[in-house]
>>> print(open('entry_19.csv').read())   # CSV, C-alpha atoms
chain,number,residue,atom,x,y,z
G,162,MET,CA,16.2,-164.3,205.0
G,163,GLY,CA,14.2,-161.2,205.9
G,164,ALA,CA,12.0,-159.4,203.6
G,165,ASP,CA,14.4,-156.4,203.2
G,166,ILE,CA,17.2,-158.7,201.9
G,167,ILE,CA,15.0,-160.8,199.6
G,168,ASN,CA,13.3,-157.8,198.1
G,169,LYS,CA,16.2,-155.3,197.8
G,170,SER,CA,17.1,-156.6,194.3
G,171,VAL,CA,13.5,-156.4,193.1
G,172,TYR,CA,13.4,-152.7,194.2
G,173,GLU,CA,16.6,-151.9,192.4
G,174,ILE,CA,15.6,-153.6,189.2
G,175,LEU,CA,12.2,-151.8,189.2
G,176,VAL,CA,13.8,-148.3,189.7
G,177,GLU,CA,16.3,-149.1,186.9
G,178,LYS,CA,13.5,-150.3,184.5
G,179,PHE,CA,11.3,-147.3,185.4
G,180,THR,CA,14.1,-144.8,184.8
G,181,SER,CA,14.9,-146.5,181.5
G,182,LYS,CA,11.3,-146.5,180.4
G,183,TYR,CA,10.1,-143.1,181.5
G,184,GLY,CA,13.4,-141.0,181.5
G,185,ALA,CA,13.6,-140.3,185.2
G,186,ALA,CA,13.6,-142.1,188.5
G,187,PRO,CA,10.2,-142.6,190.1
G,188,GLU,CA,9.0,-140.0,192.6
G,189,ILE,CA,7.1,-142.5,194.7
G,190,VAL,CA,7.7,-146.2,195.4
G,191,SER,CA,5.4,-148.3,197.6
G,192,TYR,CA,5.7,-151.9,198.7
G,193,ALA,CA,3.0,-154.5,199.7
G,194,PRO,CA,3.7,-158.1,200.7
G,195,GLY,CA,1.8,-161.2,199.7
G,196,ARG,CA,0.2,-163.2,202.5
G,197,ILE,CA,-0.3,-166.7,203.8
G,198,GLU,CA,-3.5,-167.8,205.4
G,199,VAL,CA,-2.6,-169.8,208.5
G,200,LEU,CA,-6.1,-170.6,209.8
G,201,GLY,CA,-9.6,-169.4,208.9
G,202,ASN,CA,-10.2,-170.6,205.3
G,203,HIS,CA,-13.1,-168.9,203.5
G,204,THR,CA,-14.3,-167.3,206.8
G,205,ASP,CA,-13.7,-163.7,205.8
G,206,TYR,CA,-16.8,-163.3,203.6
G,207,ASN,CA,-18.8,-165.2,206.2
G,208,GLU,CA,-18.0,-162.4,208.8
G,209,GLY,CA,-15.7,-164.7,210.7
G,210,TYR,CA,-12.2,-164.9,212.0
G,211,VAL,CA,-8.9,-165.4,210.3
G,212,LEU,CA,-5.2,-165.8,211.3
G,213,SER,CA,-2.9,-164.8,208.5
G,214,ALA,CA,0.5,-163.2,208.0
G,215,ALA,CA,2.2,-160.9,205.6
G,216,ILE,CA,5.1,-162.6,204.0
G,217,ASN,CA,8.7,-161.8,203.0
G,218,TYR,CA,7.9,-161.6,199.3
G,219,GLY,CA,5.9,-158.8,197.7
G,220,THR,CA,5.3,-156.2,195.0
G,221,PHE,CA,6.8,-152.8,194.4
G,222,PHE,CA,4.8,-150.1,192.7
G,223,ALA,CA,6.7,-147.0,191.3
G,224,CYS,CA,5.1,-143.9,189.9
G,225,SER,CA,5.5,-140.3,189.0
G,226,PRO,CA,2.9,-137.6,188.1
G,227,ASP,CA,2.3,-136.8,184.4
G,228,SER,CA,1.0,-133.5,183.2
G,229,GLY,CA,-1.6,-135.0,180.9
G,230,THR,CA,-4.7,-137.0,181.6
G,231,GLU,CA,-3.3,-140.4,180.7
G,232,GLY,CA,-2.4,-143.2,183.0
G,233,ARG,CA,0.6,-145.1,181.7
G,234,LEU,CA,1.0,-148.4,183.5
G,235,THR,CA,3.8,-151.0,182.7
G,236,ALA,CA,4.1,-154.5,184.0
G,237,GLY,CA,7.8,-154.6,184.8
G,238,ASP,CA,8.3,-158.3,184.4
G,239,ILE,CA,6.9,-158.6,180.8
G,240,GLY,CA,7.4,-155.0,179.7
G,241,GLU,CA,3.8,-154.5,178.5
G,242,GLU,CA,2.3,-151.0,178.8
G,243,VAL,CA,-1.3,-150.0,178.9
G,244,VAL,CA,-2.5,-146.4,178.4
G,245,PHE,CA,-5.9,-145.1,179.6
G,246,ASN,CA,-7.7,-142.1,180.9
G,247,ALA,CA,-6.6,-141.9,184.6
G,248,ALA,CA,-10.0,-140.3,185.5
G,249,SER,CA,-12.1,-143.0,184.0
G,250,PRO,CA,-10.4,-146.4,184.0
G,251,GLU,CA,-12.3,-149.3,182.6
G,252,PRO,CA,-11.7,-153.1,182.8
G,253,THR,CA,-10.1,-154.8,179.9
G,254,VAL,CA,-9.8,-158.3,178.6
G,255,LYS,CA,-6.6,-157.8,176.6
G,256,HIS,CA,-4.3,-156.9,179.5
G,257,MET,CA,-6.1,-158.4,182.4
G,258,TRP,CA,-3.2,-157.8,184.8
G,259,SER,CA,-4.0,-154.1,184.5
G,260,ASN,CA,-7.5,-154.5,186.0
G,261,TYR,CA,-6.2,-154.8,189.5
G,262,VAL,CA,-4.6,-151.3,189.3
G,263,LYS,CA,-7.4,-149.8,187.3
G,264,GLY,CA,-10.0,-151.1,189.8
G,265,VAL,CA,-8.1,-149.4,192.7
G,266,LEU,CA,-7.8,-146.2,190.8
G,267,ALA,CA,-11.6,-146.3,190.1
G,268,SER,CA,-12.2,-146.1,193.8
G,269,PHE,CA,-10.1,-142.9,194.1
G,270,ASN,CA,-12.1,-141.4,191.2
G,271,ALA,CA,-15.3,-142.3,192.9
G,272,VAL,CA,-14.4,-140.0,195.8
G,273,SER,CA,-13.2,-137.3,193.4
G,274,PRO,CA,-11.7,-137.5,189.9
G,275,VAL,CA,-7.9,-137.5,189.9
G,276,PRO,CA,-6.6,-134.2,188.5
G,277,HIS,CA,-3.8,-135.5,186.3
G,278,GLY,CA,-2.2,-138.6,184.8
G,279,PHE,CA,0.7,-140.7,185.9
G,280,LYS,CA,3.6,-143.0,184.8
G,281,ALA,CA,3.8,-146.2,186.7
G,282,MET,CA,5.5,-149.6,186.8
G,283,PHE,CA,5.2,-152.5,189.1
G,284,LEU,CA,7.4,-155.5,189.8
G,285,GLY,CA,7.3,-158.3,192.4
G,286,ASN,CA,8.6,-161.7,193.4
G,287,ILE,CA,5.5,-163.4,194.6
G,288,PRO,CA,5.1,-166.6,192.6
G,289,LEU,CA,2.0,-166.3,190.4
G,290,GLY,CA,-0.7,-168.9,191.0
G,291,ALA,CA,0.8,-169.9,194.3
G,292,GLY,CA,-2.1,-168.8,196.4
G,293,LEU,CA,-0.1,-166.1,198.0
G,294,SER,CA,-2.2,-163.1,196.9
G,295,SER,CA,0.0,-161.5,194.3
G,296,SER,CA,-3.2,-159.7,193.1
G,297,ALA,CA,-3.8,-158.1,196.6
G,298,ALA,CA,-0.2,-157.1,196.9
G,299,LEU,CA,-0.5,-155.3,193.5
G,300,GLU,CA,-3.8,-153.6,194.6
G,301,VAL,CA,-2.4,-152.5,197.9
G,302,SER,CA,0.9,-151.2,196.6
G,303,ALA,CA,-0.9,-149.3,193.8
G,304,GLY,CA,-3.4,-147.9,196.3
G,305,MET,CA,-0.7,-146.7,198.6
G,306,ALA,CA,1.2,-145.1,195.8
G,307,PHE,CA,-1.9,-143.4,194.4
G,308,ALA,CA,-2.8,-142.0,197.8
G,309,SER,CA,0.7,-140.4,198.0
G,310,LEU,CA,0.6,-139.3,194.4
G,311,TYR,CA,-2.8,-137.5,194.7
G,312,GLY,CA,-2.5,-136.4,198.3
G,313,ARG,CA,-5.4,-138.5,199.5
G,314,ASP,CA,-5.8,-139.4,203.2
G,315,VAL,CA,-6.9,-143.0,202.9
G,316,ASP,CA,-7.0,-145.1,206.1
G,317,LYS,CA,-5.8,-148.7,206.0
G,318,LEU,CA,-9.2,-150.4,206.0
G,319,THR,CA,-10.5,-148.1,203.2
G,320,LEU,CA,-7.4,-149.0,201.2
G,321,ALA,CA,-8.2,-152.7,201.7
G,322,ARG,CA,-11.7,-152.1,200.5
G,323,TYR,CA,-10.4,-150.4,197.4
G,324,GLY,CA,-8.5,-153.6,196.6
G,325,GLN,CA,-11.5,-155.8,197.3
G,326,LYS,CA,-13.7,-153.6,195.0
G,327,ALA,CA,-11.1,-154.0,192.3
G,328,GLU,CA,-11.4,-157.7,192.6
G,329,HIS,CA,-15.2,-157.6,192.5
G,330,ASP,CA,-15.8,-155.0,189.8
G,331,PHE,CA,-12.7,-155.3,187.5
G,332,ALA,CA,-11.4,-158.9,188.0
G,333,GLY,CA,-14.8,-160.6,188.6
G,334,VAL,CA,-13.8,-162.5,191.8
G,335,LYS,CA,-16.2,-162.0,194.8
G,336,CYS,CA,-13.4,-162.2,197.3
G,337,GLY,CA,-13.5,-161.2,200.9
G,338,LEU,CA,-11.0,-158.7,202.6
G,339,LEU,CA,-8.6,-161.2,203.9
G,340,ASP,CA,-5.8,-160.8,201.4
G,341,GLN,CA,-5.8,-157.0,201.4
G,342,VAL,CA,-6.0,-156.8,205.2
G,343,SER,CA,-3.2,-159.2,205.7
G,344,SER,CA,-1.0,-157.3,203.3
G,345,ILE,CA,-1.6,-154.0,205.0
G,346,PHE,CA,-1.6,-155.0,208.7
G,347,GLY,CA,1.2,-157.5,208.8
G,348,LYS,CA,3.9,-157.4,211.6
G,349,GLU,CA,7.2,-159.1,211.8
G,350,HIS,CA,7.1,-162.5,213.6
G,351,CYS,CA,3.4,-162.0,214.2
G,352,LEU,CA,0.1,-163.4,212.8
G,353,VAL,CA,-2.7,-161.0,211.9
G,354,TRP,CA,-5.9,-161.8,213.7
G,355,SER,CA,-8.9,-160.3,211.9
G,356,ASP,CA,-12.6,-160.2,212.8
G,357,PHE,CA,-14.4,-159.7,209.5
G,358,ARG,CA,-17.6,-158.5,211.2
G,359,THR,CA,-16.2,-155.7,213.3
G,360,PHE,CA,-13.0,-155.3,211.2
G,361,ASP,CA,-11.0,-155.4,214.4
G,362,VAL,CA,-7.4,-156.3,213.5
G,363,LYS,CA,-4.7,-157.4,216.1
G,364,SER,CA,-1.2,-158.7,216.0
G,365,VAL,CA,-0.7,-162.1,217.7
G,366,PRO,CA,3.0,-162.7,218.5
G,367,LEU,CA,4.2,-166.0,217.0
G,368,GLY,CA,7.9,-165.8,218.1
G,369,ASP,CA,11.0,-166.2,216.0
G,370,ASP,CA,11.3,-169.9,216.6
G,371,VAL,CA,8.6,-170.6,214.0
G,372,CYS,CA,8.6,-170.2,210.2
G,373,PHE,CA,6.4,-171.5,207.5
G,374,LEU,CA,7.3,-173.4,204.3
G,375,MET,CA,5.3,-172.3,201.3
G,376,CYS,CA,5.0,-175.4,199.1
G,377,ASN,CA,3.9,-174.4,195.6
G,378,THR,CA,2.4,-177.2,193.7
G,379,HIS,CA,2.1,-175.1,190.5
G,380,ALA,CA,-1.3,-176.8,190.1
G,381,LYS,CA,-4.1,-174.6,188.9
G,382,HIS,CA,-7.3,-176.5,188.3
G,383,ALA,CA,-10.0,-175.3,185.9
G,384,LEU,CA,-13.0,-173.2,186.9
G,385,VAL,CA,-11.3,-171.8,190.0
G,386,ASP,CA,-13.1,-168.5,190.0
G,387,GLY,CA,-16.5,-170.1,189.3
G,388,ALA,CA,-15.9,-172.7,192.0
G,389,TYR,CA,-15.1,-169.9,194.5
G,390,ASN,CA,-18.2,-168.0,193.6
G,391,GLU,CA,-20.4,-171.2,193.9
G,392,ARG,CA,-19.1,-171.9,197.4
G,393,ARG,CA,-19.7,-168.4,198.5
G,394,GLN,CA,-23.3,-168.6,197.2
G,395,LYS,CA,-23.8,-171.9,199.1
G,396,CYS,CA,-22.5,-170.3,202.3
G,397,GLU,CA,-25.0,-167.5,201.9
G,398,GLN,CA,-27.8,-170.0,201.2
G,399,ALA,CA,-26.9,-171.9,204.4
G,400,ALA,CA,-26.8,-168.7,206.4
G,401,ALA,CA,-30.3,-167.8,205.2
G,402,TYR,CA,-31.5,-171.3,206.3
G,403,PHE,CA,-30.0,-171.0,209.8
G,404,ALA,CA,-31.5,-167.5,210.1
G,405,ALA,CA,-35.0,-169.0,209.5
G,406,VAL,CA,-34.7,-172.0,211.9
G,407,LEU,CA,-32.5,-170.9,214.8
G,408,ASP,CA,-33.9,-169.0,217.8
G,409,HIS,CA,-31.3,-166.3,217.7
G,410,ASN,CA,-30.1,-163.7,215.2
G,411,VAL,CA,-28.1,-165.1,212.3
G,412,THR,CA,-26.7,-162.7,209.6
G,413,ALA,CA,-23.8,-164.9,208.6
G,414,LEU,CA,-22.3,-168.3,209.3
G,415,ARG,CA,-20.2,-166.7,212.0
G,416,ASP,CA,-23.3,-166.7,214.1
G,417,VAL,CA,-23.7,-170.5,213.9
G,418,SER,CA,-22.0,-173.0,216.2
G,419,TRP,CA,-20.7,-176.4,215.3
G,420,GLN,CA,-23.4,-178.0,217.5
G,421,GLU,CA,-26.1,-176.1,215.7
G,422,TRP,CA,-24.7,-177.3,212.4
G,423,LEU,CA,-24.8,-180.9,213.6
G,424,ASP,CA,-28.4,-180.4,214.7
G,425,CYS,CA,-29.6,-178.9,211.4
G,426,ARG,CA,-27.5,-180.5,208.7
G,427,ASN,CA,-29.9,-183.3,207.8
G,428,ASP,CA,-32.7,-180.9,207.1
G,429,MET,CA,-30.7,-178.6,204.9
G,430,ASP,CA,-29.8,-178.6,201.2
G,431,PRO,CA,-27.1,-181.2,201.2
G,432,VAL,CA,-24.5,-179.2,199.3
G,433,ALA,CA,-25.2,-176.0,201.4
G,434,ALA,CA,-24.8,-178.1,204.6
G,435,LYS,CA,-21.5,-179.6,203.4
G,436,ARG,CA,-20.1,-176.2,202.4
G,437,SER,CA,-21.2,-174.3,205.5
G,438,ALA,CA,-19.5,-176.9,207.8
G,439,HIS,CA,-16.1,-175.6,206.8
G,440,PRO,CA,-16.3,-171.9,207.7
G,441,ILE,CA,-18.3,-172.8,210.9
G,442,GLY,CA,-15.6,-175.1,212.0
G,443,GLU,CA,-12.8,-172.8,211.0
G,444,ASN,CA,-14.2,-170.0,213.2
G,445,GLU,CA,-14.0,-172.2,216.2
G,446,ARG,CA,-10.5,-173.3,215.2
G,447,VAL,CA,-9.2,-169.8,214.9
G,448,LEU,CA,-10.5,-168.8,218.4
G,449,SER,CA,-8.9,-171.9,219.9
G,450,ALA,CA,-5.7,-171.3,218.1
G,451,VAL,CA,-5.3,-167.8,219.5
G,452,ASP,CA,-5.6,-169.2,223.0
G,453,MET,CA,-3.0,-171.9,222.2
G,454,LEU,CA,-0.5,-169.3,220.9
G,455,ARG,CA,-0.9,-167.2,224.1
G,456,GLY,CA,-0.2,-170.4,226.1
G,457,GLY,CA,2.8,-171.3,223.9
G,458,ASP,CA,1.1,-174.5,222.7
G,459,LEU,CA,2.6,-174.7,219.1
G,460,ALA,CA,1.8,-178.4,218.9
G,461,GLY,CA,-1.8,-177.8,219.6
G,462,PHE,CA,-1.8,-175.0,217.0
G,463,GLY,CA,-0.4,-177.3,214.5
G,464,ARG,CA,-3.0,-179.9,215.1
G,465,LEU,CA,-5.7,-177.3,214.3
G,466,MET,CA,-3.9,-176.7,210.9
G,467,PHE,CA,-4.2,-180.4,210.0
G,468,GLU,CA,-7.9,-180.4,211.1
G,469,SER,CA,-8.4,-177.3,208.9
G,470,HIS,CA,-7.1,-179.1,205.9
G,471,ASP,CA,-9.2,-182.1,206.5
G,472,SER,CA,-12.2,-179.8,206.6
G,473,SER,CA,-11.2,-178.2,203.3
G,474,ARG,CA,-10.8,-181.7,201.7
G,475,ASN,CA,-14.0,-183.2,203.0
G,476,TYR,CA,-16.5,-180.4,203.4
G,477,PHE,CA,-15.5,-177.4,201.2
G,478,GLU,CA,-13.8,-179.6,198.5
G,479,ASN,CA,-11.4,-176.8,197.6
G,480,SER,CA,-8.3,-179.0,198.0
G,481,CYS,CA,-6.8,-181.1,195.2
G,482,PRO,CA,-4.6,-184.2,194.9
G,483,GLU,CA,-1.4,-182.1,194.9
G,484,LEU,CA,-2.2,-180.2,198.0
G,485,ASP,CA,-3.4,-183.4,199.8
G,486,ALA,CA,-0.2,-185.1,198.9
G,487,ILE,CA,1.9,-182.4,200.6
G,488,VAL,CA,-0.3,-182.3,203.8
G,489,ASP,CA,-0.4,-186.1,204.0
G,490,ALA,CA,3.4,-186.3,203.7
G,491,ALA,CA,3.8,-183.6,206.3
G,492,HIS,CA,1.9,-185.7,208.8
G,493,ALA,CA,4.7,-188.3,208.7
G,494,ILE,CA,7.7,-186.0,208.8
G,495,PRO,CA,9.4,-185.4,212.2
G,496,GLY,CA,9.6,-181.7,212.9
G,497,VAL,CA,6.4,-180.7,211.2
G,498,LEU,CA,4.0,-178.9,213.5
G,499,GLY,CA,1.1,-178.4,211.2
G,500,ALA,CA,0.1,-178.2,207.5
G,501,ARG,CA,-2.8,-177.1,205.4
G,502,LEU,CA,-3.7,-175.5,202.1
G,503,SER,CA,-3.5,-171.7,202.1
G,504,GLY,CA,-5.8,-169.4,200.2
G,505,GLY,CA,-8.7,-170.1,198.0
G,506,GLY,CA,-7.6,-173.6,197.2
G,507,PHE,CA,-8.1,-175.8,194.0
G,508,GLY,CA,-4.3,-175.6,193.5
G,509,GLY,CA,-1.6,-173.2,194.6
G,510,SER,CA,0.2,-173.7,197.8
G,511,ALA,CA,0.2,-175.6,201.1
G,512,VAL,CA,1.6,-174.0,204.2
G,513,VAL,CA,3.7,-176.1,206.6
G,514,MET,CA,4.7,-174.9,210.1
G,515,VAL,CA,8.1,-175.8,211.3
G,516,SER,CA,11.0,-174.6,213.5
G,517,PRO,CA,13.6,-172.8,211.4
G,518,ARG,CA,16.2,-175.4,212.5
G,519,ASP,CA,14.1,-178.1,210.8
G,520,GLU,CA,13.5,-176.1,207.6
G,521,LYS,CA,16.0,-177.8,205.3
G,522,ILE,CA,15.4,-181.3,206.4
G,523,VAL,CA,11.6,-181.0,206.2
G,524,SER,CA,11.8,-179.2,202.8
G,525,THR,CA,13.9,-182.0,201.3
G,526,ALA,CA,11.5,-184.7,202.6
G,527,LEU,CA,8.5,-182.9,201.2
G,528,ARG,CA,10.1,-182.4,197.8
G,529,ASN,CA,11.0,-186.0,197.6
G,530,ALA,CA,7.6,-187.2,198.7
G,531,TYR,CA,5.9,-185.0,196.2
G,532,ALA,CA,8.3,-186.1,193.4
G,533,ASN,CA,7.6,-189.8,194.2
G,534,LYS,CA,3.9,-189.2,193.6
G,535,PHE,CA,3.9,-186.7,190.7
G,536,GLY,CA,7.2,-187.1,189.0
G,537,GLU,CA,8.6,-183.6,189.8
G,538,ARG,CA,9.5,-181.7,193.0
G,539,CYS,CA,7.3,-178.9,194.3
G,540,ASP,CA,8.8,-175.5,194.8
G,541,ILE,CA,9.4,-174.7,198.5
G,542,ARG,CA,10.3,-171.4,200.0
G,543,ALA,CA,10.8,-170.4,203.6
G,544,ILE,CA,8.2,-167.8,204.7
G,545,ILE,CA,8.8,-165.4,207.6
G,546,PRO,CA,5.8,-163.4,208.9
G,547,SER,CA,6.8,-159.8,208.0
G,548,ASP,CA,5.8,-156.2,208.1
G,549,GLY,CA,2.9,-155.0,206.0
G,550,ALA,CA,2.6,-152.4,203.2
G,551,HIS,CA,4.5,-149.1,203.3
G,552,LEU,CA,6.1,-146.4,201.2
G,553,VAL,CA,9.7,-146.9,200.4
G,554,GLY,CA,12.2,-144.3,201.3
>>> encode(input="entry_19.csv", output="structure tokens")
Amino acid sequence: MGADIINKSVYEILVEKFTSKYGAAPEIVSYAPGRIEVLGNHTDYNEGYVLSAAINYGTFFACSPDSGTEGRLTAGDIGEEVVFNAASPEPTVKHMWSNYVKGVLASFNAVSPVPHGFKAMFLGNIPLGAGLSSSAALEVSAGMAFASLYGRDVDKLTLARYGQKAEHDFAGVKCGLLDQVSSIFGKEHCLVWSDFRTFDVKSVPLGDDVCFLMCNTHAKHALVDGAYNERRQKCEQAAAYFAAVLDHNVTALRDVSWQEWLDCRNDMDPVAAKRSAHPIGENERVLSAVDMLRGGDLAGFGRLMFESHDSSRNYFENSCPELDAIVDAAHAIPGVLGARLSGGGFGGSAVVMVSPRDEKIVSTALRNAYANKFGERCDIRAIIPSDGAHLVG
């Protein structure tokens, strides 16, 4: 099913809830999709390359201007409302979901204070905790709505940076730009190729004979944010080491080849060496994958996905038993082209590449294999690479 069909009911429910809550239909509605990361795990903040896709599930953000100074923000799924000064939003620990929107609004205020308040509500259908970037979808949809509401001319990359800054300053997660860029620049039946040094973004045609299965384990292991930040610090430590010992300029792990890693690994801090192997290898896999797609080699592309997961498991250690079980099962199922974890890791979802004609058979086999190991079936949805964020109507 396409994104328009899947999301139509979400949009209608949001408009109805907004109207009931605030007494009139919203003047502005924006939409931003979640994303899957297909190749290029933890490469974005290492100035590397990523292949990702906007997905056919997302978040709608509805708003209207208010004459006062207050921002009134409601989470449509739970009905909770927070009220704050629109010109000076601050993070909160009581309603942490609001921090993603407040953080984006703070970037608008940093340019110039917003002149009036607003009434807003958001609602989406991205499974929370699935590793599909529901937070980025909320940030991007809010940013697009605020740009329209306040008449701001904000380019796509700046809007992505607003979302990233919200994660850093209001949510406390030092993420890269992958999630926001994927949500904004997605194209139907295409992957988003991103260079996170130059911020060049291109669409790479995938074709309509490929879809992805999002296999949500519902696993969320402890200390995820701390583990993410620790791995980023180790990557920065490794980059500093390579900059000191290699005979060319190194400002990030993107500048280090796999052969250079092999030559230096035994002289490095062991943990930094182990962690840095993953993004270094991922960069080379992404570049190879683009060539394979251009040549129509989907089988080769899928092999790189399996290699990527092995690297996550062995070097970055951001996988978990639940994700490993899905990928291991996928190896043995006819019709599967590739599989790997998607996103930050430590739980969430695995992404499996298949032909649409094999979707149901592969889904059933994966559910059964997962149930045999963990006693319950994982949640599987078909994911179609879809268009990125936009205003509705």
>>> atom_distance(input="entry_19.csv", atom1="CA of Asp548 in chain G", atom2="CA of Ser510 in chain G")
21.1 Å
>>> residues_around(input="entry_19.csv", residues="Ile197 in chain G", least_positions_apart="6", cutoff="7 Å", atoms="only C-alpha atoms", output="PDB file with C-alpha atoms, keeping the file's coordinate frame")
ATOM      1  CA  SER G 213      -2.900-164.800 208.500  1.00  0.00           C
ATOM      2  CA  ALA G 214       0.500-163.200 208.000  1.00  0.00           C
ATOM      3  CA  ALA G 215       2.200-160.900 205.600  1.00  0.00           C
ATOM      4  CA  ILE G 216       5.100-162.600 204.000  1.00  0.00           C
ATOM      5  CA  LEU G 293      -0.100-166.100 198.000  1.00  0.00           C
ATOM      6  CA  SER G 503      -3.500-171.700 202.100  1.00  0.00           C
TER       7      SER G 503
END
>>> atom_distance(input="entry_19.csv", atom1="CA of Leu212 in chain G", atom2="CA of Asp424 in chain G")
27.6 Å
>>> residues_around(input="entry_19.csv", residues="Glu421 in chain G", least_positions_apart="5", cutoff="10 Å", atoms="all atoms listed in the file", output="PyMOL selection string")
chain G and resi 403+407+416+426+441
>>> closest_atom_pairs(input="entry_19.csv", of="range 164-266 of chain G", to="range 332-336 of chain G", cutoff="12 Å", atoms="only C-alpha atoms", output="tab-separated table")
residue	atom	partner	partner_atom	distance
G:His203	CA	G:Cys336	CA	9.1
G:Thr204	CA	G:Cys336	CA	10.8
G:Asp205	CA	G:Cys336	CA	8.6
G:Tyr206	CA	G:Cys336	CA	7.2
G:Asn207	CA	G:Cys336	CA	10.8
G:Glu251	CA	G:Ala332	CA	11.1
G:Pro252	CA	G:Ala332	CA	7.8
G:Thr253	CA	G:Ala332	CA	9.2
G:Val254	CA	G:Ala332	CA	9.6
G:His256	CA	G:Ala332	CA	11.3
G:Met257	CA	G:Ala332	CA	7.7
G:Trp258	CA	G:Ala332	CA	8.9
G:Ser259	CA	G:Ala332	CA	9.5
G:Asn260	CA	G:Ala332	CA	6.2
G:Tyr261	CA	G:Ala332	CA	6.8
G:Val262	CA	G:Ala332	CA	10.3
G:Lys263	CA	G:Ala332	CA	10.0
G:Gly264	CA	G:Ala332	CA	8.1
G:Val265	CA	G:Ala332	CA	11.1
>>> residues_around(input="entry_19.csv", residues="Gly509 in chain G", least_positions_apart="5", cutoff="9 Å", atoms="only C-alpha atoms", output="ChimeraX atom specification")
/G:289-293,376-381,483-484,502-504
